[in-house]
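Engineer: Got run.cif for you, mmCIF, C-alpha atoms:
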data_model
#
loop_
_atom_site.label_atom_id
_atom_site.label_comp_id
_atom_site.auth_asym_id
_atom_site.auth_seq_id
_atom_site.Cartn_x
_atom_site.Cartn_y
_atom_site.Cartn_z
CA MET B 1 11.38 3.27 36.05
CA ALA B 2 7.66 3.90 36.49
CA GLU B 3 7.38 5.45 33.04
CA SER B 4 9.58 3.02 31.19
CA ALA B 5 10.03 -0.70 30.86
CA ILE B 6 13.18 -2.59 29.95
CA VAL B 7 12.67 -5.18 27.25
CA ARG B 8 15.50 -7.66 26.76
CA ASP B 9 15.64 -9.11 23.27
CA HIS B 10 18.56 -11.28 22.11
CA GLY B 11 20.81 -10.02 24.86
CA VAL B 12 20.26 -6.35 23.94
CA SER B 13 18.35 -4.09 26.30
CA HIS B 14 15.87 -1.64 24.81
CA VAL B 15 14.02 0.93 26.88
CA ALA B 16 10.40 1.03 25.71
CA HIS B 17 9.07 4.40 26.84
CA ALA B 18 5.47 4.68 27.92
CA SER B 19 3.51 7.90 28.20
CA SER B 20 2.11 9.25 31.48
CA THR B 21 -1.07 7.33 30.66
CA GLY B 22 0.88 4.06 30.73
CA LEU B 23 0.27 3.59 27.00
CA SER B 24 2.91 3.15 24.33
CA ASN B 25 4.18 6.44 22.92
CA ASN B 26 4.63 4.82 19.50
CA LYS B 27 1.03 3.67 19.37
CA MET B 28 -0.24 7.01 20.63
CA GLY B 29 1.82 8.77 17.94
CA MET B 30 0.48 6.48 15.22
CA TRP B 31 -3.17 7.11 16.21
CA MET B 32 -2.54 10.87 16.28
CA PHE B 33 -0.97 10.61 12.83
CA LEU B 34 -3.99 8.65 11.53
CA GLY B 35 -6.33 11.25 13.06
CA SER B 36 -4.46 13.99 11.17
CA GLU B 37 -4.58 11.88 7.99
CA CYS B 38 -8.39 11.92 8.30
CA LEU B 39 -8.16 15.70 7.85
CA LEU B 40 -5.97 15.36 4.74
CA PHE B 41 -8.33 12.91 3.06
CA GLY B 42 -11.38 14.79 4.41
CA GLY B 43 -10.20 17.86 2.48
CA LEU B 44 -9.50 15.88 -0.70
CA ILE B 45 -12.85 14.03 -0.58
CA SER B 46 -14.70 17.32 0.09
CA THR B 47 -13.02 18.93 -2.90
CA TYR B 48 -13.93 16.00 -5.13
CA MET B 49 -17.55 15.99 -3.95
CA LEU B 50 -17.84 19.69 -4.77
CA TYR B 51 -16.16 19.52 -8.17
CA ARG B 52 -17.20 16.16 -9.57
CA GLY B 53 -20.23 17.58 -11.37
CA ARG B 54 -18.23 20.42 -12.91
CA VAL B 55 -17.18 19.02 -16.26
CA SER B 56 -16.67 21.80 -18.79
CA SER B 57 -14.77 19.56 -21.18
CA GLY B 58 -13.71 15.93 -21.38
CA PRO B 59 -15.58 12.81 -20.28
CA GLN B 60 -18.17 12.66 -17.49
CA PRO B 61 -17.46 10.44 -14.43
CA ASN B 62 -20.24 8.00 -15.26
CA ASN B 63 -18.94 7.51 -18.81
CA ILE B 64 -15.43 6.43 -17.88
CA PHE B 65 -15.71 4.56 -14.56
CA ASP B 66 -15.34 0.79 -14.93
CA ILE B 67 -17.27 -0.40 -11.86
CA PRO B 68 -16.62 -4.18 -12.25
CA PHE B 69 -12.87 -3.55 -12.52
CA THR B 70 -12.78 -1.16 -9.54
CA SER B 71 -14.94 -3.59 -7.51
CA VAL B 72 -12.30 -6.29 -7.96
CA SER B 73 -9.57 -3.81 -6.91
CA SER B 74 -11.61 -2.87 -3.83
CA PHE B 75 -12.06 -6.54 -2.95
CA VAL B 76 -8.29 -7.12 -3.28
CA LEU B 77 -7.52 -4.21 -0.92
CA LEU B 78 -10.18 -5.39 1.55
CA MET B 79 -8.65 -8.88 1.62
CA SER B 80 -5.20 -7.34 2.20
CA SER B 81 -6.61 -6.02 5.49
CA LEU B 82 -7.39 -9.63 6.46
CA THR B 83 -3.86 -10.81 5.62
CA MET B 84 -2.44 -7.84 7.55
CA VAL B 85 -4.41 -8.64 10.68
CA LEU B 86 -3.28 -12.28 10.37
CA ALA B 87 0.33 -11.00 10.22
CA VAL B 88 -0.24 -8.98 13.42
CA SER B 89 -1.81 -12.04 15.05
CA SER B 90 1.19 -14.20 14.04
CA ALA B 91 3.63 -11.57 15.36
CA GLN B 92 1.82 -11.55 18.72
CA ARG B 93 2.28 -15.36 18.84
CA LYS B 94 6.00 -14.82 17.99
CA ASP B 95 5.53 -16.91 14.84
CA ASP B 96 8.12 -15.22 12.58
CA ARG B 97 7.58 -17.53 9.61
CA ASN B 98 3.85 -16.83 9.31
CA THR B 99 4.37 -13.13 10.10
CA ASN B 100 6.70 -12.81 7.11
CA LEU B 101 4.36 -14.88 4.94
CA TRP B 102 1.26 -12.76 5.68
CA LEU B 103 3.22 -9.50 5.39
CA THR B 104 4.50 -10.56 1.94
CA ILE B 105 0.99 -11.56 0.80
CA THR B 106 -0.34 -8.21 2.05
CA ALA B 107 2.36 -6.35 0.07
CA LEU B 108 1.53 -8.39 -3.06
CA LEU B 109 -2.20 -7.64 -2.73
CA GLY B 110 -1.35 -3.96 -2.25
CA ALA B 111 0.87 -4.04 -5.35
CA SER B 112 -2.03 -5.58 -7.33
CA PHE B 113 -4.24 -2.72 -6.21
CA VAL B 114 -1.69 -0.08 -7.22
CA GLY B 115 -1.17 -1.86 -10.55
CA GLY B 116 -4.94 -1.71 -11.13
CA GLN B 117 -4.92 1.99 -10.32
CA VAL B 118 -2.09 2.66 -12.79
CA TYR B 119 -4.05 0.75 -15.47
CA GLU B 120 -7.19 2.73 -14.63
CA PHE B 121 -5.39 6.10 -14.79
CA THR B 122 -3.83 5.14 -18.14
CA SER B 123 -7.18 4.14 -19.66
CA PHE B 124 -8.85 7.33 -18.34
CA TYR B 125 -6.08 9.44 -19.87
CA ARG B 126 -6.53 7.69 -23.23
CA GLU B 127 -10.25 8.44 -23.05
CA GLY B 128 -9.46 12.15 -22.72
CA LEU B 129 -9.41 12.77 -18.96
CA GLY B 130 -6.16 14.55 -18.11
CA PHE B 131 -5.23 16.20 -14.81
CA THR B 132 -6.17 19.65 -16.14
CA THR B 133 -9.06 18.64 -18.41
CA SER B 134 -11.76 19.64 -15.92
CA LEU B 135 -12.31 20.31 -12.22
CA PHE B 136 -13.60 16.75 -11.97
CA GLY B 137 -10.37 15.37 -13.48
CA SER B 138 -8.12 17.44 -11.19
CA SER B 139 -9.97 16.53 -8.00
CA PHE B 140 -10.33 12.86 -9.02
CA TYR B 141 -6.63 12.37 -9.81
CA ALA B 142 -5.58 14.32 -6.69
CA LEU B 143 -7.78 12.21 -4.39
CA THR B 144 -7.14 8.74 -5.84
CA GLY B 145 -3.48 9.62 -6.58
CA PHE B 146 -2.83 10.60 -2.95
CA HIS B 147 -4.45 7.36 -1.85
CA GLY B 148 -2.31 5.38 -4.31
CA VAL B 149 0.84 7.04 -2.94
CA HIS B 150 -0.23 6.04 0.59
CA VAL B 151 -0.69 2.42 -0.53
CA SER B 152 2.72 2.49 -2.24
CA VAL B 153 4.37 3.82 0.94
CA GLY B 154 2.60 1.04 2.85
CA ILE B 155 4.01 -1.59 0.47
CA ILE B 156 7.55 -0.21 0.98
CA MET B 157 7.06 -0.33 4.78
CA LEU B 158 5.75 -3.92 4.59
CA MET B 159 8.69 -5.12 2.49
CA ALA B 160 11.17 -3.29 4.75
CA LEU B 161 9.52 -4.96 7.74
CA VAL B 162 9.87 -8.41 6.15
CA GLY B 163 13.56 -7.74 5.44
CA MET B 164 14.22 -6.50 8.97
CA ASN B 165 12.31 -9.40 10.51
CA ARG B 166 14.32 -11.93 8.50
CA ASN B 167 17.57 -10.39 9.73
CA ASN B 168 16.19 -10.03 13.27
CA ARG B 169 16.81 -6.28 13.18
CA ILE B 170 13.45 -5.01 14.42
CA PRO B 171 14.20 -2.95 17.56
CA GLY B 172 12.10 -3.25 20.72
CA ASP B 173 8.75 -5.00 20.77
CA LYS B 174 8.45 -6.74 17.38
CA ALA B 175 4.69 -7.36 17.72
CA GLU B 176 4.07 -3.66 18.36
CA VAL B 177 6.08 -2.62 15.29
CA VAL B 178 4.04 -5.00 13.10
CA GLU B 179 0.84 -3.69 14.71
CA LEU B 180 1.80 -0.06 13.97
CA ILE B 181 2.44 -0.82 10.29
CA GLY B 182 -0.85 -2.75 10.35
CA LEU B 183 -2.72 0.30 11.65
CA TYR B 184 -1.39 2.36 8.74
CA TRP B 185 -2.37 -0.36 6.27
CA HIS B 186 -5.92 -0.68 7.64
CA PHE B 187 -6.21 3.10 7.46
CA VAL B 188 -5.55 3.15 3.71
CA ASP B 189 -8.18 0.42 3.41
CA ILE B 190 -10.87 2.38 5.29
CA ILE B 191 -10.13 5.46 3.18
CA TRP B 192 -10.70 3.34 0.08
CA ILE B 193 -14.00 2.08 1.53
CA ILE B 194 -15.15 5.74 1.55
CA ILE B 195 -13.66 6.59 -1.86
CA PHE B 196 -15.18 3.51 -3.52
CA THR B 197 -18.68 4.44 -2.34
CA LEU B 198 -18.61 8.23 -2.71
CA VAL B 199 -16.52 8.47 -5.90
CA TYR B 200 -17.40 5.36 -7.88
CA LEU B 201 -20.79 4.02 -6.77
CA ILE B 202 -22.75 7.23 -6.14
CA PRO B 203 -23.29 8.92 -9.51
CA SER B 204 -22.74 12.66 -9.83
CA MET V 1 17.01 -17.57 36.25
CA SER V 2 16.89 -13.96 35.28
CA SER V 3 16.39 -14.86 31.63
CA ALA V 4 13.61 -17.34 32.47
CA THR V 5 11.84 -14.74 34.59
CA THR V 6 12.07 -12.18 31.80
CA HIS V 7 10.69 -14.72 29.32
CA VAL V 8 7.69 -15.47 31.55
CA GLU V 9 7.07 -11.76 32.09
CA THR V 10 7.26 -11.07 28.34
CA THR V 11 4.89 -13.96 27.53
CA GLU V 12 2.37 -12.78 30.11
CA SER V 13 2.67 -9.24 28.81
CA HIS V 14 1.98 -10.43 25.26
CA GLU V 15 -1.01 -12.49 26.35
CA ALA V 16 -2.39 -9.39 28.03
CA GLU V 17 -1.71 -7.32 24.92
CA HIS V 18 -3.21 -9.96 22.62
CA HIS V 19 -6.72 -8.65 23.11
CA GLY V 20 -7.83 -9.22 19.53
CA LEU V 21 -9.86 -12.05 18.07
CA SER V 22 -8.82 -15.49 16.86
CA ASP V 23 -7.71 -16.01 13.25
CA LYS V 24 -10.99 -17.79 12.47
CA GLN V 25 -12.98 -14.83 13.76
CA TYR V 26 -10.92 -12.46 11.61
CA ILE V 27 -11.70 -14.61 8.56
CA VAL V 28 -15.44 -14.55 9.39
CA ILE V 29 -15.31 -10.73 9.67
CA ALA V 30 -13.49 -10.52 6.31
CA LEU V 31 -16.20 -12.70 4.72
CA ILE V 32 -18.90 -10.40 6.14
CA LEU V 33 -17.02 -7.38 4.72
CA ALA V 34 -16.78 -9.13 1.33
CA ALA V 35 -20.54 -9.82 1.41
CA LEU V 36 -21.26 -6.17 2.24
CA THR V 37 -19.03 -5.10 -0.67
CA ALA V 38 -20.99 -7.45 -2.96
CA ILE V 39 -24.25 -5.79 -1.86
CA GLU V 40 -22.68 -2.36 -2.54
CA VAL V 41 -21.65 -3.40 -6.04
CA SER V 42 -25.12 -4.88 -6.68
CA THR V 43 -26.59 -1.35 -6.38
CA TYR V 44 -24.84 -0.62 -9.70
CA TYR V 45 -26.81 -3.38 -11.45
CA VAL V 46 -30.10 -3.51 -9.48
CA ASP V 47 -32.42 -0.51 -9.09
CA PHE V 48 -32.78 0.18 -5.36
CA GLY V 49 -35.04 3.19 -5.99
CA PRO V 50 -35.21 5.61 -3.05
CA PHE V 51 -33.12 3.21 -0.93
CA PHE V 52 -30.12 3.52 -3.25
CA MET V 53 -28.28 6.32 -1.42
CA PRO V 54 -29.14 5.31 2.19
CA THR V 55 -28.14 1.69 1.44
CA LEU V 56 -24.72 2.71 0.14
CA LEU V 57 -24.04 5.17 2.97
CA ILE V 58 -25.11 2.68 5.67
CA LEU V 59 -23.02 -0.13 4.15
CA MET V 60 -20.01 2.20 3.88
CA THR V 61 -20.36 3.19 7.54
CA ILE V 62 -20.74 -0.44 8.70
CA LYS V 63 -17.63 -1.50 6.76
CA PHE V 64 -15.64 1.48 8.06
CA VAL V 65 -16.58 0.88 11.72
CA THR V 66 -16.02 -2.90 11.41
CA VAL V 67 -12.46 -2.50 10.09
CA VAL V 68 -11.62 0.19 12.66
CA SER V 69 -13.15 -1.73 15.59
CA TYR V 70 -11.95 -5.27 14.87
CA PHE V 71 -9.00 -5.18 12.44
CA MET V 72 -7.49 -2.06 14.06
CA HIS V 73 -8.45 -3.36 17.53
CA LEU V 74 -9.98 -0.03 18.56
CA LYS V 75 -12.88 -1.87 20.22
CA PHE V 76 -10.49 -3.70 22.55
CA ASP V 77 -7.85 -0.99 22.97
CA ASN V 78 -7.64 1.94 25.35
CA LYS V 79 -10.37 4.56 24.81
CA ILE V 80 -7.76 7.32 24.36
CA PHE V 81 -6.87 5.86 20.94
CA SER V 82 -10.56 6.00 19.95
CA TYR V 83 -10.78 9.63 21.05
CA LEU V 84 -7.65 10.56 19.08
CA PHE V 85 -8.85 8.90 15.89
CA TYR V 86 -12.53 9.85 16.01
CA ALA V 87 -11.62 13.47 16.93
CA GLY V 88 -9.70 13.70 13.65
CA LEU V 89 -12.53 12.04 11.77
CA LEU V 90 -15.22 14.31 13.22
CA LEU V 91 -13.08 17.37 12.51
CA ALA V 92 -12.73 16.17 8.90
CA ILE V 93 -16.52 15.79 8.60
CA ALA V 94 -16.96 19.28 10.14
CA VAL V 95 -14.50 20.69 7.57
CA TYR V 96 -16.53 19.04 4.78
CA CYS V 97 -19.80 20.48 6.10
CA GLY V 98 -18.21 23.92 6.51
CA PHE V 99 -16.77 23.70 3.01
CA LEU V 100 -20.17 22.85 1.53
CA ALA V 101 -21.88 25.63 3.51
CA THR V 102 -19.29 28.16 2.28
CA PHE V 103 -19.89 27.24 -1.35
CA LYS V 104 -23.64 27.46 -0.83
CA PHE V 105 -23.13 30.95 0.66
CA PHE V 106 -21.01 32.14 -2.29
CA LEU V 107 -23.46 30.71 -4.83
CA LYS V 108 -26.30 32.67 -3.16
CA GLN V 109 -24.20 35.84 -3.22
CA GLY V 110 -23.38 35.33 -6.92
#
Could you show the structure in this file as structure tokens?

Structural biologist:
Amino acid sequence: MAESAIVRDHGVSHVAHASSTGLSNNKMGMWMFLGSECLLFGGLISTYMLYRGRVSSGPQPNNIFDIPFTSVSSFVLLMSSLTMVLAVSSAQRKDDRNTNLWLTITALLGASFVGGQVYEFTSFYREGLGFTTSLFGSSFYALTGFHGVHVSVGIIMLMALVGMNRNNRIPGDKAEVVELIGLYWHFVDIIWIIIFTLVYLIPS
Amino acid sequence: MSSATTHVETTESHEAEHHGLSDKQYIVIALILAALTAIEVSTYYVDFGPFFMPTLLILMTIKFVTVVSYFMHLKFDNKIFSYLFYAGLLLAIAVYCGFLATFKFFLKQG
């Protein structure tokens, strides 16, 4: 029993396994996953930084970027990190009502961000920047598209979490599950902090 | 009795795990992050001259570390989590530097 702890929740016993370090395996796994995700986005950002000046045809980055619009999107995603941490805080206080409220607001803010990205992609395409137009176009869509997919997956996880929490079907330590989803959500936010500066604000 | 004991143990365990900040402190941090973002965006409208690039890179780093340390609780959590995450990050930066160096090498050869 030294490496495991029994958590009784609503009459059902769950065995929460801890690693040999005494830390949660789930949390350890999530941090390892986020560390590996750094490599994925590191590769995509590197590729964009190398190719962004290589525009043989189609529009240049500085001609199509709408900085005021993207700034608002960035602000929305940044504020979703606040609502997420408030959801984690509520879950740790066992306040289910506020946990669900903050998780739903976080998902809505994330959906606004993804909606903004879809609008941005559509307007860029209409201005002549397709995926195969130039090396800049390919690397830009690959980088921001991968990020958008990550945000979308995060929204699905948040909504699933709200549904499971309402039906009291979250297994084990509820606060830890909310915290793990929160870690993923904050990760997509910090990746956007880098993308916003390196891709949008620093001219090629 | 058993249920009451379990409840007390669980509550104590959660208090020990709740090593983050208060909700008000999280809001203050979010406001600071919003202010830093506003300064970043201002570089698009105001000419910062030679300070343009360093300002943006420093602000980006501060925002990144703030979110990781406070919102992701890495500052208060076990150091092993920090090692896991920052190892991946440093490896990613090394890959970027290696990538750039390789392209520089091929350009010289060409």

Engineer: At a cut-off of 12 Å, using all atoms listed in the file, what residues contact Ala38 in chain V? Leave out same-chain residues fewer than 2 positions from it and give the result as a tab-separated table (two decimals) with C-alpha atoms, keeping the file's coordinate frame.

Structural biologist:
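Ended up saving to part_36.tsv:
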chain	number	residue	atom	x	y	z
B	67	ILE	CA	-17.27	-0.40	-11.86
B	68	PRO	CA	-16.62	-4.18	-12.25
B	71	SER	CA	-14.94	-3.59	-7.51
B	72	VAL	CA	-12.30	-6.29	-7.96
B	74	SER	CA	-11.61	-2.87	-3.83
B	75	PHE	CA	-12.06	-6.54	-2.95
B	78	LEU	CA	-10.18	-5.39	1.55
V	31	LEU	CA	-16.20	-12.70	4.72
V	32	ILE	CA	-18.90	-10.40	6.14
V	33	LEU	CA	-17.02	-7.38	4.72
V	34	ALA	CA	-16.78	-9.13	1.33
V	35	ALA	CA	-20.54	-9.82	1.41
V	36	LEU	CA	-21.26	-6.17	2.24
V	40	GLU	CA	-22.68	-2.36	-2.54
V	41	VAL	CA	-21.65	-3.40	-6.04
V	42	SER	CA	-25.12	-4.88	-6.68
V	43	THR	CA	-26.59	-1.35	-6.38
V	44	TYR	CA	-24.84	-0.62	-9.70
V	45	TYR	CA	-26.81	-3.38	-11.45
V	46	VAL	CA	-30.10	-3.51	-9.48
V	56	LEU	CA	-24.72	2.71	0.14
V	59	LEU	CA	-23.02	-0.13	4.15
V	60	MET	CA	-20.01	2.20	3.88
V	63	LYS	CA	-17.63	-1.50	6.76

Engineer: Step by step, work through what the PyMOL selection byres ((chain B) within 7 of (chain V)) selects in the shown file, and finish by giving those residues as a PyMOL selection string.

Structural biologist: chain B and resi 28+31-32+34-36+38-39+42-43+46+71+75+79+82+85-86+92+183+186+190+193-194+197+201

Engineer: I want to know what sits within 7 Å of Phe136 in chain B, based on all atoms listed in the file, with residues of the same chain fewer than 2 positions away left out; could you give that as a VMD selection string?

Structural biologist: chain B and resid 48 51 to 55 134 138 to 140

Engineer: With C-alpha atoms retained, export the selected residues as a compact mmCIF listing (two decimals), in the coordinates of the input.

Structural biologist:
# COMPACT_ATOMS: atom_id res chain seq x y z
CA TYR B 48 -13.93 16.00 -5.13
CA TYR B 51 -16.16 19.52 -8.17
CA ARG B 52 -17.20 16.16 -9.57
CA GLY B 53 -20.23 17.58 -11.37
CA ARG B 54 -18.23 20.42 -12.91
CA VAL B 55 -17.18 19.02 -16.26
CA SER B 134 -11.76 19.64 -15.92
CA SER B 138 -8.12 17.44 -11.19
CA SER B 139 -9.97 16.53 -8.00
CA PHE B 140 -10.33 12.86 -9.02

Engineer: Please measure the separation of CA of Met30 in chain B and CA of Tyr184 in chain B, giving the value in Å to one decimal.

Structural biologist: 7.9 Å

Engineer: Do you have the CA of Gly130 in chain B-CA of Glu37 in chain B distance handy?

Structural biologist: 26.3 Å

Engineer: Taking the file above as input, evaluate the PyMOL selection byres ((chain B and resi 151) around 12) and report the hits as a PyMOL selection string.

Structural biologist: chain B and resi 77+80-81+106-115+117+144-150+152-158+181+184-192

Engineer: Using the partial input, fill out range 30-55 of chain B with N, CA and C atoms; write the result as a PDB file, in the frame of the given file.

Structural biologist:
ATOM      1  N   MET B  30       1.072   6.995  16.456  1.00  0.00           N
ATOM      2  CA  MET B  30       0.480   6.480  15.220  1.00  0.00           C
ATOM      3  C   MET B  30      -1.005   6.860  15.134  1.00  0.00           C
ATOM      4  N   TRP B  31      -1.738   6.745  16.252  1.00  0.00           N
ATOM      5  CA  TRP B  31      -3.170   7.110  16.210  1.00  0.00           C
ATOM      6  C   TRP B  31      -3.353   8.599  15.974  1.00  0.00           C
ATOM      7  N   MET B  32      -2.446   9.425  16.535  1.00  0.00           N
ATOM      8  CA  MET B  32      -2.540  10.870  16.280  1.00  0.00           C
ATOM      9  C   MET B  32      -2.276  11.157  14.805  1.00  0.00           C
ATOM     10  N   PHE B  33      -1.290  10.449  14.247  1.00  0.00           N
ATOM     11  CA  PHE B  33      -0.970  10.610  12.830  1.00  0.00           C
ATOM     12  C   PHE B  33      -2.178  10.231  11.967  1.00  0.00           C
ATOM     13  N   LEU B  34      -2.826   9.096  12.316  1.00  0.00           N
ATOM     14  CA  LEU B  34      -3.990   8.650  11.530  1.00  0.00           C
ATOM     15  C   LEU B  34      -5.146   9.640  11.669  1.00  0.00           C
ATOM     16  N   GLY B  35      -5.300  10.224  12.869  1.00  0.00           N
ATOM     17  CA  GLY B  35      -6.330  11.250  13.060  1.00  0.00           C
ATOM     18  C   GLY B  35      -6.083  12.445  12.162  1.00  0.00           C
ATOM     19  N   SER B  36      -4.795  12.846  12.033  1.00  0.00           N
ATOM     20  CA  SER B  36      -4.460  13.990  11.170  1.00  0.00           C
ATOM     21  C   SER B  36      -4.619  13.618   9.691  1.00  0.00           C
ATOM     22  N   GLU B  37      -4.390  12.343   9.373  1.00  0.00           N
ATOM     23  CA  GLU B  37      -4.580  11.880   7.990  1.00  0.00           C
ATOM     24  C   GLU B  37      -6.059  11.958   7.585  1.00  0.00           C
ATOM     25  N   CYS B  38      -6.944  11.782   8.572  1.00  0.00           N
ATOM     26  CA  CYS B  38      -8.390  11.920   8.300  1.00  0.00           C
ATOM     27  C   CYS B  38      -8.668  13.317   7.748  1.00  0.00           C
ATOM     28  N   LEU B  39      -7.966  14.322   8.309  1.00  0.00           N
ATOM     29  CA  LEU B  39      -8.160  15.700   7.850  1.00  0.00           C
ATOM     30  C   LEU B  39      -7.667  15.874   6.414  1.00  0.00           C
ATOM     31  N   LEU B  40      -6.515  15.270   6.103  1.00  0.00           N
ATOM     32  CA  LEU B  40      -5.970  15.360   4.740  1.00  0.00           C
ATOM     33  C   LEU B  40      -6.972  14.789   3.743  1.00  0.00           C
ATOM     34  N   PHE B  41      -7.421  13.548   4.005  1.00  0.00           N
ATOM     35  CA  PHE B  41      -8.330  12.910   3.060  1.00  0.00           C
ATOM     36  C   PHE B  41      -9.725  13.541   3.127  1.00  0.00           C
ATOM     37  N   GLY B  42     -10.096  14.080   4.296  1.00  0.00           N
ATOM     38  CA  GLY B  42     -11.380  14.790   4.410  1.00  0.00           C
ATOM     39  C   GLY B  42     -11.411  15.965   3.442  1.00  0.00           C
ATOM     40  N   GLY B  43     -10.299  16.715   3.395  1.00  0.00           N
ATOM     41  CA  GLY B  43     -10.200  17.860   2.480  1.00  0.00           C
ATOM     42  C   GLY B  43     -10.255  17.423   1.030  1.00  0.00           C
ATOM     43  N   LEU B  44      -9.538  16.353   0.697  1.00  0.00           N
ATOM     44  CA  LEU B  44      -9.500  15.880  -0.700  1.00  0.00           C
ATOM     45  C   LEU B  44     -10.863  15.330  -1.136  1.00  0.00           C
ATOM     46  N   ILE B  45     -11.526  14.587  -0.235  1.00  0.00           N
ATOM     47  CA  ILE B  45     -12.850  14.030  -0.580  1.00  0.00           C
ATOM     48  C   ILE B  45     -13.860  15.167  -0.719  1.00  0.00           C
ATOM     49  N   SER B  46     -13.792  16.167   0.195  1.00  0.00           N
ATOM     50  CA  SER B  46     -14.700  17.320   0.090  1.00  0.00           C
ATOM     51  C   SER B  46     -14.544  18.024  -1.239  1.00  0.00           C
ATOM     52  N   THR B  47     -13.295  18.236  -1.637  1.00  0.00           N
ATOM     53  CA  THR B  47     -13.020  18.930  -2.900  1.00  0.00           C
ATOM     54  C   THR B  47     -13.599  18.133  -4.068  1.00  0.00           C
ATOM     55  N   TYR B  48     -13.396  16.811  -4.042  1.00  0.00           N
ATOM     56  CA  TYR B  48     -13.930  16.000  -5.130  1.00  0.00           C
ATOM     57  C   TYR B  48     -15.453  16.070  -5.172  1.00  0.00           C
ATOM     58  N   MET B  49     -16.090  15.984  -3.991  1.00  0.00           N
ATOM     59  CA  MET B  49     -17.550  15.990  -3.950  1.00  0.00           C
ATOM     60  C   MET B  49     -18.115  17.311  -4.501  1.00  0.00           C
ATOM     61  N   LEU B  50     -17.380  18.396  -4.277  1.00  0.00           N
ATOM     62  CA  LEU B  50     -17.840  19.690  -4.770  1.00  0.00           C
ATOM     63  C   LEU B  50     -17.626  19.856  -6.276  1.00  0.00           C
ATOM     64  N   TYR B  51     -16.540  19.279  -6.774  1.00  0.00           N
ATOM     65  CA  TYR B  51     -16.160  19.520  -8.170  1.00  0.00           C
ATOM     66  C   TYR B  51     -16.543  18.409  -9.149  1.00  0.00           C
ATOM     67  N   ARG B  52     -17.019  17.301  -8.668  1.00  0.00           N
ATOM     68  CA  ARG B  52     -17.200  16.160  -9.570  1.00  0.00           C
ATOM     69  C   ARG B  52     -18.256  16.402 -10.652  1.00  0.00           C
ATOM     70  N   GLY B  53     -19.206  17.295 -10.363  1.00  0.00           N
ATOM     71  CA  GLY B  53     -20.230  17.580 -11.370  1.00  0.00           C
ATOM     72  C   GLY B  53     -19.801  18.659 -12.352  1.00  0.00           C
ATOM     73  N   ARG B  54     -18.660  19.281 -12.083  1.00  0.00           N
ATOM     74  CA  ARG B  54     -18.230  20.420 -12.910  1.00  0.00           C
ATOM     75  C   ARG B  54     -17.302  19.942 -14.037  1.00  0.00           C
ATOM     76  N   VAL B  55     -17.936  19.525 -15.112  1.00  0.00           N
ATOM     77  CA  VAL B  55     -17.180  19.020 -16.260  1.00  0.00           C
ATOM     78  C   VAL B  55     -17.435  19.950 -17.439  1.00  0.00           C
TER      79      VAL B  55
END
